[in-house]
There are 2 protein chains.
Amino acid sequence: MLRRHSSVGFAPPEESAPVFAALGDETRLRLVLRLCDDGPMSITRLTAGSHLTRQAITKHLRVMQDVGLVRSSRRGRERLWQLERKRLRDARHYLDLISRQWDDALGRLRKFVEN
Amino acid sequence: MLRRHSSVGFAPPEESAPVFAALGDETRLRLVLRLCDDGPMSITRLTAGSHLTRQAITKHLRVMQDVGLVRSSRRGRERLWQLERKRLRDARHYLDLISRQWDDALGRLRKFVEN
DNA sequence: TTATTAGGCAACTAAATGGTTGCATATCGC
DNA sequence: GCGATATGCAACCATTTAGTTGCCTAATAA
């Protein structure tokens, strides 16, 4: 079963790129780590310990929500945010495949590269 | 050996975010796949098969070069671009660690999450 | 019930980003 | 040498992005 060329097999660039873009901001990456370490959390709690405004944090959360990286649920007067398992796994998988495919290509093209 | 909080252990967000940002553009992600599949390639060759200008491609390559995702070398009148193994591996590793750390956190916090 | 606390919405700003066009320079093949 | 090819540089443009401030609504707690 030979996989030809750029067909990564599941997530095309136009679908994966936005997820990486969402991860490609320092503030958002910190938020991810935060949610990752300490579990679901409210905006205000996420804002505390950041030098940014609550509104800024809100915007970042919305960006990540739009690409499916986080999800939120109301609980009383606050809203709890948590990471979305699937999307992060997808992104990871994507890089995995690229790496693997690249290794294969390296084997095939060893005559051109020296590293 | 208990790893505390956000200390991922190697690449802090301020260093990793730009790499994800570089991957977070559809065109650039396609370029990565292209270079990955077919090995080192010149700008003109990368431009062919894209609806964009050569200059646009050049700019994208420079973005990726700035974060160390690609490297180039002159060969005669053309410049060959290739992927930089290390950076891509780093990014992948980063997501790996986040996922793993998250799984741990999930275990500890299973009382709060239901998914 | 009233002050406080958590959050949402909208307008605005500065800077970054993705793309273009035009022109200049270097190298290759004949 | 000369035309064609491959790239580099700079200016310019429109849109997006990251962040702010101000004000409004909803739930809590005293």
# chains A, B, ... in the order shown; residues from 1 in each chain; ligands from 1
$ interface_residues --of "chain C" --to "chain B" --cutoff "8 Å" --atoms "only C-alpha atoms (C1' of nucleotides)" --output "compact mmCIF listing (two decimals) with N, CA and C atoms (P, O5', C5', C4', C3', O3' and C1' of nucleotides), in the first residue's frame"
# COMPACT_ATOMS: atom_id res chain seq x y z
P DG C 18 0.97 35.62 7.00
O5' DG C 18 0.35 35.96 5.59
C5' DG C 18 -1.06 36.09 5.46
C4' DG C 18 -1.38 36.56 4.07
C3' DG C 18 -0.59 35.85 2.97
O3' DG C 18 -1.47 35.55 1.89
C1' DG C 18 -0.23 38.19 2.85
P DG C 19 -0.92 34.66 0.70
O5' DG C 19 -0.66 35.73 -0.43
C5' DG C 19 -1.76 36.44 -0.96
C4' DG C 19 -1.32 37.73 -1.59
C3' DG C 19 -0.28 37.63 -2.71
O3' DG C 19 -0.90 37.36 -3.96
C1' DG C 19 -0.10 39.64 -1.40
P DA C 26 25.36 41.41 -9.42
O5' DA C 26 25.26 39.86 -9.77
C5' DA C 26 24.72 38.99 -8.79
C4' DA C 26 24.29 37.72 -9.48
C3' DA C 26 25.38 37.07 -10.34
O3' DA C 26 25.35 35.70 -10.08
C1' DA C 26 23.42 37.31 -11.58
P DT C 27 26.71 34.87 -10.18
O5' DT C 27 26.27 33.68 -11.14
C5' DT C 27 25.15 32.89 -10.77
C4' DT C 27 24.48 32.36 -12.01
C3' DT C 27 25.44 31.62 -12.96
O3' DT C 27 24.83 30.39 -13.22
C1' DT C 27 24.04 33.06 -14.14
P DC C 28 25.69 29.07 -13.39
O5' DC C 28 25.00 28.43 -14.68
C5' DC C 28 23.58 28.40 -14.70
C4' DC C 28 23.06 28.44 -16.11
C3' DC C 28 23.88 27.65 -17.11
O3' DC C 28 23.01 26.66 -17.64
C1' DC C 28 23.32 29.81 -17.95
$ calpha_fit_and_write --fixed "chain A" --moving "chain B" --output "short mmCIF file (atom, residue, chain, number, x, y, z; two decimals) with C-alpha atoms, in the first residue's frame"
data_model
loop_
_atom_site.label_atom_id
_atom_site.label_comp_id
_atom_site.auth_asym_id
_atom_site.auth_seq_id
_atom_site.Cartn_x
_atom_site.Cartn_y
_atom_site.Cartn_z
CA MET B 1 0.51 0.12 -0.09
CA LEU B 2 2.35 3.07 -1.50
CA ARG B 3 1.05 6.45 -0.47
CA ARG B 4 1.48 8.89 -3.29
CA HIS B 5 2.63 12.45 -2.82
CA SER B 6 0.94 14.96 -0.54
CA SER B 7 -2.06 12.85 0.32
CA VAL B 8 -1.52 12.79 4.04
CA GLY B 9 -4.61 10.71 4.30
CA PHE B 10 -6.92 12.60 6.64
CA ALA B 11 -6.58 16.30 7.33
CA PRO B 12 -5.78 18.55 4.37
CA PRO B 13 -3.72 21.72 4.88
CA GLU B 14 -6.73 23.98 4.59
CA GLU B 15 -8.19 22.28 7.63
CA SER B 16 -5.05 21.85 9.70
CA ALA B 17 -3.44 25.23 9.15
CA PRO B 18 -5.99 27.14 11.25
CA VAL B 19 -5.34 24.86 14.19
CA PHE B 20 -1.61 25.54 14.02
CA ALA B 21 -2.35 29.21 13.60
CA ALA B 22 -4.40 29.10 16.78
CA LEU B 23 -1.47 27.50 18.57
CA GLY B 24 0.91 29.97 17.03
CA ASP B 25 0.48 32.73 19.55
CA GLU B 26 2.44 32.87 22.75
CA THR B 27 -0.50 33.92 24.86
CA ARG B 28 -2.73 31.22 23.50
CA LEU B 29 -0.07 28.59 23.93
CA ARG B 30 0.21 29.61 27.57
CA LEU B 31 -3.54 29.32 27.91
CA VAL B 32 -3.38 25.83 26.50
CA LEU B 33 -0.71 24.86 29.00
CA ARG B 34 -2.70 26.43 31.78
CA LEU B 35 -5.90 24.58 30.90
CA CYS B 36 -3.87 21.49 30.38
CA ASP B 37 -2.29 21.60 33.80
CA ASP B 38 -5.08 22.85 35.97
CA GLY B 39 -8.16 21.70 34.15
CA PRO B 40 -11.33 23.65 33.30
CA MET B 41 -11.15 27.24 34.40
CA SER B 42 -13.07 30.50 34.17
CA ILE B 43 -11.95 33.50 32.15
CA THR B 44 -11.25 35.61 35.22
CA ARG B 45 -9.07 32.92 36.67
CA LEU B 46 -7.23 32.60 33.38
CA THR B 47 -6.81 36.35 33.28
CA ALA B 48 -5.28 36.52 36.74
CA GLY B 49 -1.59 35.88 36.35
CA SER B 50 -1.56 37.41 32.91
CA HIS B 51 -0.63 40.98 32.15
CA LEU B 52 -3.49 41.17 29.68
CA THR B 53 -7.07 42.33 29.88
CA ARG B 54 -9.92 39.94 30.42
CA GLN B 55 -11.21 40.95 27.01
CA ALA B 56 -7.94 39.99 25.37
CA ILE B 57 -8.12 36.57 26.98
CA THR B 58 -11.72 36.25 25.88
CA LYS B 59 -10.72 36.93 22.31
CA HIS B 60 -7.96 34.35 22.41
CA LEU B 61 -10.33 31.78 23.81
CA ARG B 62 -12.75 32.50 21.02
CA VAL B 63 -10.02 32.04 18.42
CA MET B 64 -9.25 28.64 19.85
CA GLN B 65 -12.91 27.82 20.11
CA ASP B 66 -13.43 28.62 16.46
CA VAL B 67 -10.91 25.99 15.43
CA GLY B 68 -12.26 23.56 17.99
CA LEU B 69 -9.31 23.60 20.36
CA VAL B 70 -11.36 24.55 23.39
CA ARG B 71 -14.94 24.28 24.49
CA SER B 72 -16.86 26.14 27.16
CA SER B 73 -19.87 25.63 29.33
CA ARG B 74 -21.74 28.02 31.49
CA ARG B 75 -21.87 27.25 35.19
CA GLY B 76 -23.77 29.78 37.19
CA ARG B 77 -22.43 33.20 36.46
CA GLU B 78 -19.14 31.94 35.17
CA ARG B 79 -18.07 30.06 32.09
CA LEU B 80 -15.67 27.16 32.34
CA TRP B 81 -13.23 26.55 29.53
CA GLN B 82 -11.57 23.29 28.77
CA LEU B 83 -9.38 21.84 26.09
CA GLU B 84 -10.87 19.80 23.32
CA ARG B 85 -9.11 16.50 23.21
CA LYS B 86 -9.67 15.69 19.57
CA ARG B 87 -8.22 18.75 17.89
CA LEU B 88 -4.96 18.67 19.74
CA ARG B 89 -4.60 15.01 18.93
CA ASP B 90 -5.26 15.75 15.27
CA ALA B 91 -2.55 18.39 15.14
CA ARG B 92 -0.10 16.07 16.78
CA HIS B 93 -1.02 13.31 14.39
CA TYR B 94 -0.53 15.63 11.47
CA LEU B 95 3.02 16.46 12.47
CA ASP B 96 3.67 12.80 13.09
CA LEU B 97 2.66 11.92 9.56
CA ILE B 98 4.68 14.72 8.04
CA SER B 99 7.75 13.61 9.93
CA ARG B 100 7.28 10.02 8.94
CA GLN B 101 6.64 10.89 5.34
CA TRP B 102 9.68 13.04 5.39
CA ASP B 103 11.82 10.25 6.71
CA ASP B 104 10.65 8.10 3.84
CA ALA B 105 11.45 10.83 1.37
CA LEU B 106 14.86 11.24 2.93
CA GLY B 107 15.54 7.62 2.33
CA ARG B 108 14.54 7.87 -1.29
CA LEU B 109 16.49 11.04 -1.86
CA ARG B 110 19.58 10.39 0.16
CA LYS B 111 21.62 11.10 -2.94
CA PHE B 112 20.62 14.78 -2.81
CA VAL B 113 20.78 15.67 0.84
CA GLU B 114 23.83 15.41 2.99
CA ASN B 115 22.51 16.10 6.48
#
$ interface_residues --of "chain D" --to "chain B" --cutoff "9 Å" --atoms "only C-alpha atoms (C1' of nucleotides)" --output "ChimeraX atom specification"
/D:5-7
$ residues_around --residues "D:DT17" --least-positions-apart "3" --cutoff "9 Å" --atoms "only C-alpha atoms (C1' of nucleotides)" --output "ChimeraX atom specification"
/C:15-17
$ write_last_selection --atoms "N, CA and C atoms (P, O5', C5', C4', C3', O3' and C1' of nucleotides)" --output "compact mmCIF listing (two decimals), in the first residue's frame"
# COMPACT_ATOMS: atom_id res chain seq x y z
P DA C 15 2.39 51.19 16.26
O5' DA C 15 2.52 49.67 15.81
C5' DA C 15 2.26 48.65 16.76
C4' DA C 15 2.10 47.34 16.05
C3' DA C 15 3.16 47.06 15.00
O3' DA C 15 3.63 45.77 15.24
C1' DA C 15 0.99 46.79 14.06
P DA C 16 4.87 45.16 14.46
O5' DA C 16 4.18 43.92 13.76
C5' DA C 16 3.32 43.10 14.56
C4' DA C 16 2.54 42.17 13.67
C3' DA C 16 3.39 41.41 12.64
O3' DA C 16 2.91 40.08 12.64
C1' DA C 16 1.65 42.57 11.55
P DT C 17 3.69 38.98 11.74
O5' DT C 17 2.68 38.79 10.53
C5' DT C 17 1.30 38.76 10.79
C4' DT C 17 0.55 38.54 9.49
C3' DT C 17 1.33 37.76 8.43
O3' DT C 17 0.45 36.81 7.90
C1' DT C 17 0.54 39.80 7.54
$ select_by_dssp --residues "chain B" --states "alpha helix (DSSP H)" --output "PyMOL selection string"
chain B and resi 13-23+26-38+43-47+54-66+85-108
$ write_last_selection --atoms "C-alpha atoms" --output "short mmCIF file (atom, residue, chain, number, x, y, z; two decimals), in the first residue's frame"
data_model
loop_
_atom_site.label_atom_id
_atom_site.label_comp_id
_atom_site.auth_asym_id
_atom_site.auth_seq_id
_atom_site.Cartn_x
_atom_site.Cartn_y
_atom_site.Cartn_z
CA PRO B 13 5.80 28.96 24.69
CA GLU B 14 7.65 32.07 23.59
CA GLU B 15 9.96 29.86 21.57
CA SER B 16 7.47 27.33 20.26
CA ALA B 17 4.62 29.64 19.33
CA PRO B 18 6.43 31.18 16.33
CA VAL B 19 7.02 27.74 14.88
CA PHE B 20 3.33 26.91 15.09
CA ALA B 21 2.53 30.32 13.66
CA ALA B 22 4.78 29.54 10.72
CA LEU B 23 2.91 26.29 10.18
CA GLU B 26 -2.33 27.09 4.39
CA THR B 27 0.17 28.09 1.75
CA ARG B 28 3.12 27.44 3.99
CA LEU B 29 1.74 24.11 5.10
CA ARG B 30 1.47 23.13 1.46
CA LEU B 31 5.05 24.19 0.92
CA VAL B 32 6.11 22.02 3.80
CA LEU B 33 4.30 19.04 2.33
CA ARG B 34 5.81 19.76 -1.05
CA LEU B 35 9.36 19.95 0.28
CA CYS B 36 8.64 16.94 2.38
CA ASP B 37 7.51 14.82 -0.52
CA ASP B 38 9.80 15.90 -3.30
CA ILE B 43 11.57 28.81 -5.60
CA THR B 44 10.42 28.78 -9.20
CA ARG B 45 9.62 25.12 -9.01
CA LEU B 46 7.72 25.68 -5.78
CA THR B 47 5.87 28.55 -7.41
CA ARG B 54 7.02 33.94 -6.88
CA GLN B 55 7.47 36.83 -4.48
CA ALA B 56 4.68 35.56 -2.27
CA ILE B 57 6.33 32.17 -2.10
CA THR B 58 9.64 33.82 -1.34
CA LYS B 59 8.10 35.65 1.57
CA HIS B 60 6.58 32.47 2.96
CA LEU B 61 9.89 30.70 2.70
CA ARG B 62 11.54 33.52 4.57
CA VAL B 63 8.95 33.30 7.34
CA MET B 64 9.72 29.63 7.75
CA GLN B 65 13.41 30.27 7.54
CA ASP B 66 13.20 32.82 10.33
CA ARG B 85 14.64 18.37 10.49
CA LYS B 86 15.10 19.64 14.01
CA ARG B 87 12.41 22.28 14.20
CA LEU B 88 9.65 20.09 12.93
CA ARG B 89 10.66 17.42 15.39
CA ASP B 90 10.59 19.97 18.19
CA ALA B 91 7.08 21.08 17.34
CA ARG B 92 5.90 17.51 17.23
CA HIS B 93 7.57 16.79 20.52
CA TYR B 94 5.92 19.81 22.06
CA LEU B 95 2.45 18.61 21.14
CA ASP B 96 3.34 15.17 22.38
CA LEU B 97 4.24 16.51 25.78
CA ILE B 98 1.15 18.65 26.02
CA SER B 99 -1.03 15.70 25.18
CA ARG B 100 0.69 13.49 27.67
CA GLN B 101 0.57 16.11 30.38
CA TRP B 102 -3.05 16.61 29.63
CA ASP B 103 -3.79 12.95 29.98
CA ASP B 104 -2.18 13.03 33.39
CA ALA B 105 -4.22 16.04 34.36
CA LEU B 106 -7.34 14.31 33.15
CA GLY B 107 -6.63 11.45 35.43
CA ARG B 108 -6.17 13.73 38.40
#
